[in-house]
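Working notes for the structure below.
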Amino acid sequence: MSNKTPGIQIKGLRDSLMVTLDDGSWDDVRSALVEQIEDRQAFFQGARLVLDVGAQVLHVNDLVSLRDHLSERGINLWAVLSESPTTEKTTQLLGMATRLSKPQPVSAKPAVEVDDESAMWINRTLRSGTRIEFPGNVVVVGDVNPGAEIVAGGSVIIWGRLRGVVHAGADGDQSAKVCALELTPTQLRIAGEVAIQPDKKKKSNQAEVVYYKDGHILAEPWKSG
Amino acid sequence: MPAQIVTITSGKGGVGKTTTVANLAVALADNGQKVACIDGDIGLRNLDVVMGLENRIVYDLVDVIEGRCRLRQAMIRDKRMPELYLIPAAQTRDKSAVSPSDMIRLCDELRSEVDWILIDSPAGIERGFKNAIAAADRVLIVTNPEISAVRDADRVVGILEAEEKGTPALIINRVNLAMVKRHDMLSAEDVLDLLSIDLIGIVPEDEDVVVATNRGMPIALEPKSLAGQAFHNIARRMKGEQIPFMDLDSQGNLWNRISRLTGRK
């Protein structure tokens, strides 16, 4: 099933509707989408919607208002695909998916070019339900609470308490490290290896660094150098 | 002065949201404030039962929104208090009967009539919750000193921050001091350590709350009750008064108090 109107393409996926928006001002694209939905309420009613917004840069307010608008019409916006890192971040913040479980050929290449020298900077506490995915390094200034998840291609530095789940070197990089001021994660992964917190870990008052060596995940006090 | 709209929510169910709304409403009304409570739990209404007003429901929230009655007609006055009203939820409908914009419209209409609007949110983070927080100026989160409740509260704080509703204040309900002392229960400090938001009240566990709730007599009507006192304190903090947190420890026996005074264990 495929349908084409100027500005919007609708495609049926196995369990959801994929709507691809053309480039153009967000207001125009948004109203084109809303108009489509008004016209064909029965078609959209109860649908699970995946929105591909291309390069649009969207902030929390944009997505929240659209999601509320859709939910009032019985449409569940569950994923937003985007090439813009800002939009991806917004989407993650609102707890929506940023990729389909089956990888899309279009979004196969990473949204941003990352290298060893750069990192995603997160200046707040990550609470339960937040998932951060980034192909490079991630720095968090704040806590990572239980129920929050970071999946990074590179290393993860947390200036705060790590109590949630962190996966460093998610693309297989075994040299990735995880550092935190207080290290009591629910689970910690580096590349393909998984470590679970021993039940009765004494609270060390020292920052720790975790790394991978010879098939094991090891932790030790974090010192410079 | 236009009303302050306060939504009480929790994420997890059964932590005492409805009891908290009923008691804060009574405590505020007792303080000379004009209060309206809205039961946002459409399809599973409870607030009317806890407040003992179930048998007086004629019109409900959905009737107002769908224009079958005027707002005034759906406001049930609690006769025990000078100015306390309840707008009950519909029992025969579900959450989809109301939208966030409906709630905003309704609250705007109500705002000029009262000093406080308290909204009782349903558990969860779906439609009903979205409706309940849509109009809120301020959100209070109720949690119990249990890991699961605290975890859900953390999720809700995250959502509220993402929706730019500001940081909510926390009520820790059902704290059992004896259990905390035995390290069998999280302490208020443990809970605050994880959530890192402002505390607005701690309510001790009290069997009388259950009795009062079953009778439709909010515990805040009972001046001698410790839990009732805690709700009164929260109400006064909501009004901006500086009230020190209750020393729950002082309820120990005489010998304990003397040994504390003399600095012995």
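Naming works like this for the structure tokens: A, B, ... for the chains as they're shown, residue 1 at the start of each chain, ligands 1 onward in shown order.
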With chain A as the partner and 9 Å as the cut-off, tabulate the residues of chain B that qualify, each row holding the nearest pair of atoms and their distance in Å to one decimal, using only C-alpha atoms, sorted by chain and rising number, as a tab-separated table.
```
residue	atom	partner	partner_atom	distance
B:Ser96	CA	A:Glu72	CA	7.9
B:Val98	CA	A:Glu72	CA	8.8
B:Ser99	CA	A:Glu72	CA	6.2
B:Pro100	CA	A:Asp68	CA	7.9
B:Arg127	CA	A:Ser71	CA	8.0
B:Lys130	CA	A:Asp68	CA	8.6
B:Arg151	CA	A:Ser128	CA	6.7
B:Asp152	CA	A:Ser128	CA	7.5
B:Ala153	CA	A:Ser128	CA	8.7
B:Asp154	CA	A:Ser128	CA	5.7
B:Arg155	CA	A:Ser128	CA	4.6
B:Val156	CA	A:Ser128	CA	8.3
B:Val157	CA	A:Arg127	CA	7.6
B:Gly158	CA	A:Arg127	CA	5.5
B:Ile159	CA	A:Leu94	CA	6.9
B:Ala162	CA	A:Leu93	CA	6.4
B:Glu163	CA	A:Val60	CA	7.0
B:Glu164	CA	A:Val60	CA	8.4
B:Leu194	CA	A:Asn145	CA	7.2
B:Leu195	CA	A:Arg127	CA	8.5
```
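The environment of Asn55 of chain B within 12 Å, counting only C-alpha atoms and disregarding residues fewer than 5 places along the same chain, consists of B:Asp48, B:Val49, B:Val50, B:Ile76, B:Asp78, B:Pro88, B:Gly216.
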Test item, alpha helix (DSSP H) assignment across chain A, answer as a ChimeraX atom specification: /A:26-39,41-44,60-72,85-93
Could you pull the residues within 12 Å of Glu38 of chain A, counting only C-alpha atoms, minus those fewer than 4 positions along the same chain, as a ChimeraX atom specification? /A:31-34,42-45,69-70,72-75
Include N, CA and C atoms and write out the residues we just selected as an mmCIF file, in the first residue's frame.
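This is the output file selection-v5.cif:
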```cif
data_model
loop_
_atom_site.group_PDB
_atom_site.id
_atom_site.type_symbol
_atom_site.label_atom_id
_atom_site.label_comp_id
_atom_site.auth_asym_id
_atom_site.auth_seq_id
_atom_site.Cartn_x
_atom_site.Cartn_y
_atom_site.Cartn_z
ATOM 1 N N SER A 31 1.367 21.049 8.986
ATOM 2 C CA SER A 31 -0.048 21.250 8.657
ATOM 3 C C SER A 31 -0.484 20.341 7.518
ATOM 4 N N ALA A 32 0.446 20.012 6.596
ATOM 5 C CA ALA A 32 0.108 19.061 5.538
ATOM 6 C C ALA A 32 -0.233 17.700 6.141
ATOM 7 N N LEU A 33 0.554 17.317 7.128
ATOM 8 C CA LEU A 33 0.323 16.034 7.796
ATOM 9 C C LEU A 33 -1.024 16.039 8.528
ATOM 10 N N VAL A 34 -1.239 17.116 9.300
ATOM 11 C CA VAL A 34 -2.474 17.212 10.071
ATOM 12 C C VAL A 34 -3.687 17.169 9.138
ATOM 13 N N ALA A 42 -10.577 7.704 9.443
ATOM 14 C CA ALA A 42 -10.820 6.277 9.626
ATOM 15 C C ALA A 42 -9.556 5.469 9.326
ATOM 16 N N PHE A 43 -8.801 5.938 8.333
ATOM 17 C CA PHE A 43 -7.591 5.244 7.931
ATOM 18 C C PHE A 43 -6.522 5.308 9.022
ATOM 19 N N PHE A 44 -6.405 6.485 9.635
ATOM 20 C CA PHE A 44 -5.342 6.685 10.617
ATOM 21 C C PHE A 44 -5.720 6.212 12.015
ATOM 22 N N GLN A 45 -7.025 6.172 12.293
ATOM 23 C CA GLN A 45 -7.501 5.847 13.640
ATOM 24 C C GLN A 45 -6.821 4.589 14.199
ATOM 25 N N HIS A 69 -1.434 16.168 19.653
ATOM 26 C CA HIS A 69 -2.427 16.350 18.607
ATOM 27 C C HIS A 69 -2.818 14.993 18.010
ATOM 28 N N LEU A 70 -1.813 14.178 17.744
ATOM 29 C CA LEU A 70 -2.075 12.866 17.150
ATOM 30 C C LEU A 70 -2.820 11.973 18.139
ATOM 31 N N GLU A 72 -4.818 12.776 20.413
ATOM 32 C CA GLU A 72 -6.220 13.166 20.505
ATOM 33 C C GLU A 72 -7.042 12.533 19.391
ATOM 34 N N ARG A 73 -6.383 12.163 18.321
ATOM 35 C CA ARG A 73 -7.080 11.517 17.215
ATOM 36 C C ARG A 73 -6.852 10.000 17.205
ATOM 37 N N GLY A 74 -6.396 9.504 18.338
ATOM 38 C CA GLY A 74 -6.237 8.063 18.476
ATOM 39 C C GLY A 74 -5.048 7.503 17.717
ATOM 40 N N ILE A 75 -4.071 8.363 17.417
ATOM 41 C CA ILE A 75 -2.891 7.887 16.698
ATOM 42 C C ILE A 75 -1.700 7.888 17.641
#
```
Which residues come within 8 Å of Leu170 of chain B, counting only C-alpha atoms, excluding same-chain residues fewer than 3 positions away, as a ChimeraX atom specification? /B:140-143,197-201
Taking the DSSP secondary structure from the backbone, can you list the residues of segment 70-198 of chain B that are strand (DSSP E), as a VMD selection string? chain B and resid 76 to 77 84 to 87 116 to 120 138 to 143 169 to 175
